[in-house]
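What follows is a single structure, written as structure tokens, with notes after it.
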Amino acid sequence: MHSQKKTAKKIIEKQADYVLHVSGNQRTLQKTVKAKYDRDEAANYTAKQLRSHTTKKKNRFRLQTRTTMVAPETAELERKWHGLQTIGLICRIREVPDGTEQTDVSYFISSLAPTVKNHARHLRNHWSVKSTLHHNLDVAFTEDASRIRKGNGQEIIAVFRRLALPILKAGTTIKDNVRGKRLLAGWNFNNLESLSTTFQAV
């Protein structure tokens, strides 16, 4: 949604930097960046200016390998995207207990210098925020299992979930996890009032 030339220009004008995901709605941009890395792959990634960084993380359920690649921008793209310095790729490979692998490849552009570890850190921090929020909403509110489909009901209930989540997290009057606090607040008005009061005090 924010991978727009006007957005990039505004960010640079405010003396900030951007790392923007390249998705399917930017077909020309995506095609250009993908073609660059397809050529590098064909050359077995021997280009001197290409930088690569790989990390592995294992938990009880899966092994995830994340490879981030960055390269200097192309002159063609730099003329179109204000402040552009780097084009990049991130490949995520997830190996689940049954041995199957799930691979996801996405591309990005950035106004930061083409230092690979810096980009890997920014991308990881972005996804950790997103995944943590999604995990809380799914566990505490069973969002993924929601069967609300009529009208704009999905959007409305999503707003209320996101309003309730920080209240439940901040509440200290009930000693339980977010899901437990939600259930107790729904069963007893005094619990709901005490959580709301705590949040207002914060």
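Letters A, B, ... mark the chains of the structure tokens in the order given; residue numbers begin at 1 per chain; ligand numbers begin at 1, in order shown.
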Q: Mind checking which residues fall within 7 Å of Val178 in chain A, counting only C-alpha atoms, ignoring those fewer than 3 positions away in the same chain, and posting them as a count of residues only?
A: 5
Using only C-alpha atoms, I'd like a table of the residues in range 55-131 of chain A that come within 10 Å of range 24-43 of chain A; for each, show the closest atom pair and its distance in Å rounded to one decimal, ordered by chain and ascending number, as a Markdown table.
```
| residue | atom | partner | partner_atom | distance |
| --- | --- | --- | --- | --- |
| A:Met69 | CA | A:Tyr37 | CA | 9.0 |
| A:Val70 | CA | A:Tyr37 | CA | 9.5 |
| A:Ala71 | CA | A:Tyr37 | CA | 9.2 |
| A:Glu73 | CA | A:Val33 | CA | 9.2 |
| A:Thr74 | CA | A:Val33 | CA | 9.0 |
| A:Glu76 | CA | A:Thr32 | CA | 9.2 |
| A:Leu77 | CA | A:Leu29 | CA | 7.9 |
| A:Lys80 | CA | A:Leu29 | CA | 9.9 |
| A:Ile87 | CA | A:Val33 | CA | 6.7 |
| A:Gly88 | CA | A:Val33 | CA | 7.7 |
| A:Leu89 | CA | A:Tyr37 | CA | 7.8 |
| A:Ser106 | CA | A:Lys34 | CA | 9.1 |
| A:Tyr107 | CA | A:Val33 | CA | 7.2 |
| A:Phe108 | CA | A:Val33 | CA | 8.2 |
| A:Ile109 | CA | A:Val33 | CA | 8.5 |
```
Would you pick out the contacts of range 48-55 of chain A at 7 Å or less, using only C-alpha atoms, so that residues sharing its chain but fewer than 2 positions from it are not included, and give the list as a PDB file with N, CA and C atoms, in the first residue's frame?
```pdb
ATOM      1  N   THR A  46      27.743 -14.450  -8.251  1.00  0.00           N
ATOM      2  CA  THR A  46      29.166 -14.111  -8.188  1.00  0.00           C
ATOM      3  C   THR A  46      29.427 -12.619  -8.354  1.00  0.00           C
ATOM      4  N   LYS A  57      17.023 -20.165  12.469  1.00  0.00           N
ATOM      5  CA  LYS A  57      16.373 -20.159  13.774  1.00  0.00           C
ATOM      6  C   LYS A  57      15.526 -21.411  13.895  1.00  0.00           C
ATOM      7  N   THR A  65      15.192 -20.753   7.765  1.00  0.00           N
ATOM      8  CA  THR A  65      16.416 -20.175   7.198  1.00  0.00           C
ATOM      9  C   THR A  65      16.038 -18.919   6.443  1.00  0.00           C
ATOM     10  N   ARG A  66      16.663 -17.807   6.798  1.00  0.00           N
ATOM     11  CA  ARG A  66      16.374 -16.512   6.157  1.00  0.00           C
ATOM     12  C   ARG A  66      17.643 -16.009   5.475  1.00  0.00           C
ATOM     13  N   THR A  67      17.557 -15.804   4.187  1.00  0.00           N
ATOM     14  CA  THR A  67      18.687 -15.275   3.426  1.00  0.00           C
ATOM     15  C   THR A  67      18.302 -13.917   2.852  1.00  0.00           C
ATOM     16  N   THR A  68      19.079 -12.899   3.212  1.00  0.00           N
ATOM     17  CA  THR A  68      18.854 -11.540   2.717  1.00  0.00           C
ATOM     18  C   THR A  68      19.961 -11.185   1.743  1.00  0.00           C
ATOM     19  N   MET A  69      19.596 -10.636   0.602  1.00  0.00           N
ATOM     20  CA  MET A  69      20.566 -10.194  -0.393  1.00  0.00           C
ATOM     21  C   MET A  69      20.302  -8.734  -0.731  1.00  0.00           C
ATOM     22  N   VAL A  70      21.364  -7.968  -0.897  1.00  0.00           N
ATOM     23  CA  VAL A  70      21.228  -6.572  -1.306  1.00  0.00           C
ATOM     24  C   VAL A  70      22.242  -6.264  -2.396  1.00  0.00           C
ATOM     25  N   ALA A  71      21.889  -5.283  -3.216  1.00  0.00           N
ATOM     26  CA  ALA A  71      22.777  -4.825  -4.285  1.00  0.00           C
ATOM     27  C   ALA A  71      22.496  -3.350  -4.536  1.00  0.00           C
ATOM     28  N   VAL A 116      24.136  -5.404   4.002  1.00  0.00           N
ATOM     29  CA  VAL A 116      23.165  -6.491   4.101  1.00  0.00           C
ATOM     30  C   VAL A 116      22.686  -6.751   5.531  1.00  0.00           C
ATOM     31  N   LYS A 117      23.575  -6.696   6.519  1.00  0.00           N
ATOM     32  CA  LYS A 117      23.162  -7.007   7.887  1.00  0.00           C
ATOM     33  C   LYS A 117      22.199  -5.953   8.435  1.00  0.00           C
TER      34      LYS A 117
END
```
**Q.** Nearby residues (only C-alpha atoms) at most 7 Å from Pro72 in chain A, same-chain spacing under 4 positions excluded, as a ChimeraX atom specification
**A.** /A:85-87,114
Tell me which protein, DNA and RNA residues are within 6 Å of Ser110 in chain A, counting only C-alpha atoms, leaving out same-chain ones fewer than 6 positions away, and put them as a short mmCIF file (atom, residue, chain, number, x, y, z; two decimals) with N, CA and C atoms, in the first residue's frame.
```
data_model
loop_
_atom_site.label_atom_id
_atom_site.label_comp_id
_atom_site.auth_asym_id
_atom_site.auth_seq_id
_atom_site.Cartn_x
_atom_site.Cartn_y
_atom_site.Cartn_z
N TYR A 18 13.63 4.78 4.02
CA TYR A 18 12.56 3.81 3.82
C TYR A 18 13.12 2.46 3.38
N VAL A 19 12.39 1.40 3.72
CA VAL A 19 12.57 0.06 3.18
C VAL A 19 11.17 -0.37 2.76
N LEU A 84 16.56 6.34 -3.73
CA LEU A 84 16.82 4.90 -3.80
C LEU A 84 18.32 4.59 -3.87
N THR A 86 19.28 0.98 -2.73
CA THR A 86 19.44 -0.47 -2.64
C THR A 86 18.21 -1.20 -3.16
#
```
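The shell of residues at most 12 Å from Glu101 in chain A, with only C-alpha atoms counted and near chain neighbours (fewer than 3 positions) removed, consists of Arg62, Leu63, Gln64, Thr65, Arg92, Ile93, Arg94, Glu95, Val96, Pro97, Asp98 and Asp104 of chain A.
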Print the selection's residues with N, CA and C atoms to a file, as a PDB file, in the first residue's frame.
```
ATOM      1  N   ARG A  62       9.712 -25.980  13.891  1.00  0.00           N
ATOM      2  CA  ARG A  62      10.255 -25.808  12.558  1.00  0.00           C
ATOM      3  C   ARG A  62      11.636 -25.167  12.594  1.00  0.00           C
ATOM      4  N   LEU A  63      12.336 -25.309  11.475  1.00  0.00           N
ATOM      5  CA  LEU A  63      13.618 -24.641  11.255  1.00  0.00           C
ATOM      6  C   LEU A  63      13.399 -23.612  10.162  1.00  0.00           C
ATOM      7  N   GLN A  64      13.753 -22.365  10.459  1.00  0.00           N
ATOM      8  CA  GLN A  64      13.590 -21.310   9.455  1.00  0.00           C
ATOM      9  C   GLN A  64      14.945 -20.744   9.055  1.00  0.00           C
ATOM     10  N   THR A  65      15.192 -20.753   7.765  1.00  0.00           N
ATOM     11  CA  THR A  65      16.416 -20.175   7.198  1.00  0.00           C
ATOM     12  C   THR A  65      16.038 -18.919   6.443  1.00  0.00           C
ATOM     13  N   ARG A  92      12.812 -16.888   2.570  1.00  0.00           N
ATOM     14  CA  ARG A  92      12.531 -17.596   3.822  1.00  0.00           C
ATOM     15  C   ARG A  92      12.207 -19.050   3.494  1.00  0.00           C
ATOM     16  N   ILE A  93      12.939 -19.957   4.111  1.00  0.00           N
ATOM     17  CA  ILE A  93      12.681 -21.393   3.928  1.00  0.00           C
ATOM     18  C   ILE A  93      12.313 -21.975   5.285  1.00  0.00           C
ATOM     19  N   ARG A  94      11.119 -22.521   5.398  1.00  0.00           N
ATOM     20  CA  ARG A  94      10.655 -23.121   6.644  1.00  0.00           C
ATOM     21  C   ARG A  94      10.577 -24.633   6.479  1.00  0.00           C
ATOM     22  N   GLU A  95      11.255 -25.352   7.358  1.00  0.00           N
ATOM     23  CA  GLU A  95      11.206 -26.812   7.342  1.00  0.00           C
ATOM     24  C   GLU A  95      10.402 -27.283   8.551  1.00  0.00           C
ATOM     25  N   VAL A  96       9.281 -27.942   8.291  1.00  0.00           N
ATOM     26  CA  VAL A  96       8.386 -28.390   9.356  1.00  0.00           C
ATOM     27  C   VAL A  96       8.726 -29.829   9.739  1.00  0.00           C
ATOM     28  N   PRO A  97       8.197 -30.320  10.888  1.00  0.00           N
ATOM     29  CA  PRO A  97       8.598 -31.640  11.405  1.00  0.00           C
ATOM     30  C   PRO A  97       8.457 -32.799  10.429  1.00  0.00           C
ATOM     31  N   ASP A  98       7.491 -32.742   9.504  1.00  0.00           N
ATOM     32  CA  ASP A  98       7.338 -33.877   8.579  1.00  0.00           C
ATOM     33  C   ASP A  98       8.357 -33.849   7.443  1.00  0.00           C
ATOM     34  N   ASP A 104       9.424 -18.909   0.606  1.00  0.00           N
ATOM     35  CA  ASP A 104       8.795 -17.635   0.269  1.00  0.00           C
ATOM     36  C   ASP A 104       9.886 -16.644  -0.111  1.00  0.00           C
TER      37      ASP A 104
END
```
Q) Counting only C-alpha atoms, which of A:Ala16, A:Ile11, A:Leu123, A:Leu137 gets nearest to Leu165 in chain A? A)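 Smallest distance to Leu165 in chain A is found for A:Leu137.
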(Q) When DSSP is applied to the backbone of this structure, which of range 13-176 of chain A are assigned strand (DSSP E)? Write them out as a ChimeraX atom specification. (A) /A:19-22,51-58,63-72,86-95,101-110
Could those selected residues go to a file with C-alpha atoms, as a PDB file, in the first residue's frame?
```
ATOM      1  CA  VAL A  19      12.567   0.061   3.175  1.00  0.00           C
ATOM      2  CA  LEU A  20       9.568  -0.691   0.950  1.00  0.00           C
ATOM      3  CA  HIS A  21       8.165  -4.094   0.060  1.00  0.00           C
ATOM      4  CA  VAL A  22       7.797  -4.704  -3.677  1.00  0.00           C
ATOM      5  CA  ARG A  51      25.957  -8.954  -0.495  1.00  0.00           C
ATOM      6  CA  SER A  52      24.295 -11.910   1.223  1.00  0.00           C
ATOM      7  CA  HIS A  53      23.512 -12.768   4.863  1.00  0.00           C
ATOM      8  CA  THR A  54      21.901 -15.992   6.139  1.00  0.00           C
ATOM      9  CA  THR A  55      20.481 -16.788   9.559  1.00  0.00           C
ATOM     10  CA  LYS A  56      18.865 -19.930  10.933  1.00  0.00           C
ATOM     11  CA  LYS A  57      16.373 -20.159  13.774  1.00  0.00           C
ATOM     12  CA  LYS A  58      15.010 -23.380  15.212  1.00  0.00           C
ATOM     13  CA  LEU A  63      13.618 -24.641  11.255  1.00  0.00           C
ATOM     14  CA  GLN A  64      13.590 -21.310   9.455  1.00  0.00           C
ATOM     15  CA  THR A  65      16.416 -20.175   7.198  1.00  0.00           C
ATOM     16  CA  ARG A  66      16.374 -16.512   6.157  1.00  0.00           C
ATOM     17  CA  THR A  67      18.687 -15.275   3.426  1.00  0.00           C
ATOM     18  CA  THR A  68      18.854 -11.540   2.717  1.00  0.00           C
ATOM     19  CA  MET A  69      20.566 -10.194  -0.393  1.00  0.00           C
ATOM     20  CA  VAL A  70      21.228  -6.572  -1.306  1.00  0.00           C
ATOM     21  CA  ALA A  71      22.777  -4.825  -4.285  1.00  0.00           C
ATOM     22  CA  PRO A  72      23.203  -1.193  -5.369  1.00  0.00           C
ATOM     23  CA  THR A  86      19.438  -0.466  -2.643  1.00  0.00           C
ATOM     24  CA  ILE A  87      17.378  -3.234  -4.197  1.00  0.00           C
ATOM     25  CA  GLY A  88      17.036  -6.425  -2.209  1.00  0.00           C
ATOM     26  CA  LEU A  89      15.656  -9.897  -1.843  1.00  0.00           C
ATOM     27  CA  ILE A  90      14.722 -11.981   1.177  1.00  0.00           C
ATOM     28  CA  CYS A  91      14.177 -15.726   0.946  1.00  0.00           C
ATOM     29  CA  ARG A  92      12.531 -17.596   3.822  1.00  0.00           C
ATOM     30  CA  ILE A  93      12.681 -21.393   3.928  1.00  0.00           C
ATOM     31  CA  ARG A  94      10.655 -23.121   6.644  1.00  0.00           C
ATOM     32  CA  GLU A  95      11.206 -26.812   7.342  1.00  0.00           C
ATOM     33  CA  GLU A 101       9.796 -27.193   3.083  1.00  0.00           C
ATOM     34  CA  GLN A 102       7.904 -23.973   2.496  1.00  0.00           C
ATOM     35  CA  THR A 103       9.747 -21.281   0.521  1.00  0.00           C
ATOM     36  CA  ASP A 104       8.795 -17.635   0.269  1.00  0.00           C
ATOM     37  CA  VAL A 105      10.728 -15.048  -1.755  1.00  0.00           C
ATOM     38  CA  SER A 106       9.993 -11.327  -1.624  1.00  0.00           C
ATOM     39  CA  TYR A 107      11.730  -8.204  -2.888  1.00  0.00           C
ATOM     40  CA  PHE A 108      12.275  -4.722  -1.493  1.00  0.00           C
ATOM     41  CA  ILE A 109      13.789  -1.346  -2.311  1.00  0.00           C
ATOM     42  CA  SER A 110      15.547   0.924   0.161  1.00  0.00           C
TER      43      SER A 110
END
```
Q: Looking only at helix (DSSP H, G or I) from DSSP on the backbone, list the matching residues of range 65-149 of chain A as a ChimeraX atom specification.
A: /A:75-78,116-141,143-145
Those same residues - C-alpha atoms - I'd like them written as an mmCIF file, in the first residue's frame.
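Written out: result-v1.cif:
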```cif
data_model
loop_
_atom_site.group_PDB
_atom_site.id
_atom_site.type_symbol
_atom_site.label_atom_id
_atom_site.label_comp_id
_atom_site.auth_asym_id
_atom_site.auth_seq_id
_atom_site.Cartn_x
_atom_site.Cartn_y
_atom_site.Cartn_z
ATOM 1 C CA ALA A 75 20.205 3.755 -12.671
ATOM 2 C CA GLU A 76 16.820 3.050 -14.233
ATOM 3 C CA LEU A 77 15.070 2.771 -10.863
ATOM 4 C CA GLU A 78 16.996 5.580 -9.152
ATOM 5 C CA VAL A 116 23.165 -6.491 4.101
ATOM 6 C CA LYS A 117 23.162 -7.007 7.887
ATOM 7 C CA ASN A 118 21.518 -3.640 8.468
ATOM 8 C CA HIS A 119 18.710 -4.521 6.066
ATOM 9 C CA ALA A 120 18.331 -8.008 7.530
ATOM 10 C CA ARG A 121 17.863 -6.460 10.981
ATOM 11 C CA HIS A 122 15.257 -3.957 9.800
ATOM 12 C CA LEU A 123 13.297 -6.625 7.935
ATOM 13 C CA ARG A 124 13.428 -8.998 10.895
ATOM 14 C CA ASN A 125 12.191 -6.309 13.293
ATOM 15 C CA HIS A 126 9.318 -5.479 10.960
ATOM 16 C CA TRP A 127 8.155 -9.080 10.730
ATOM 17 C CA SER A 128 8.549 -9.674 14.461
ATOM 18 C CA VAL A 129 6.123 -6.824 15.186
ATOM 19 C CA LYS A 130 3.651 -8.139 12.646
ATOM 20 C CA SER A 131 3.863 -11.778 13.730
ATOM 21 C CA THR A 132 3.657 -10.935 17.451
ATOM 22 C CA LEU A 133 0.495 -8.895 16.923
ATOM 23 C CA HIS A 134 -1.046 -11.610 14.769
ATOM 24 C CA HIS A 135 -0.178 -14.302 17.327
ATOM 25 C CA ASN A 136 -1.828 -12.354 20.154
ATOM 26 C CA LEU A 137 -4.966 -11.697 18.128
ATOM 27 C CA ASP A 138 -5.248 -15.314 17.067
ATOM 28 C CA VAL A 139 -4.612 -16.812 20.510
ATOM 29 C CA ALA A 140 -6.602 -14.313 22.602
ATOM 30 C CA PHE A 141 -9.426 -13.598 20.150
ATOM 31 C CA GLU A 143 -9.217 -14.174 14.941
ATOM 32 C CA ASP A 144 -8.270 -16.758 12.312
ATOM 33 C CA ALA A 145 -11.303 -18.867 13.224
#
```
Q: Excluding Ala185 in chain A and any residue of its chain fewer than 3 positions from it, enumerate the residues within 10 Å of it, using only C-alpha atoms, and give them as a list in words.
A: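 With the cut-off at 10 Å, the set is Leu168, Ile174, Arg179, Gly180, Lys181, Arg182, Asn188, Phe189, Asn190, Asn191, Leu192, Glu193, Ser194, Leu195 and Ser196 of chain A.
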Q | Å distance separating CA of Leu184 in chain A from CA of Arg147 in chain A, one decimal place | A |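 Interatomic distance, CA of Leu184 in chain A to CA of Arg147 in chain A: 22.9 Å.
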Q) When you draw a straight line from CA of Trp81 in chain A to CA of Lys10 in chain A, how long is it in Å? A)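 Result for CA of Trp81 in chain A versus CA of Lys10 in chain A: 11.0 Å, one decimal.
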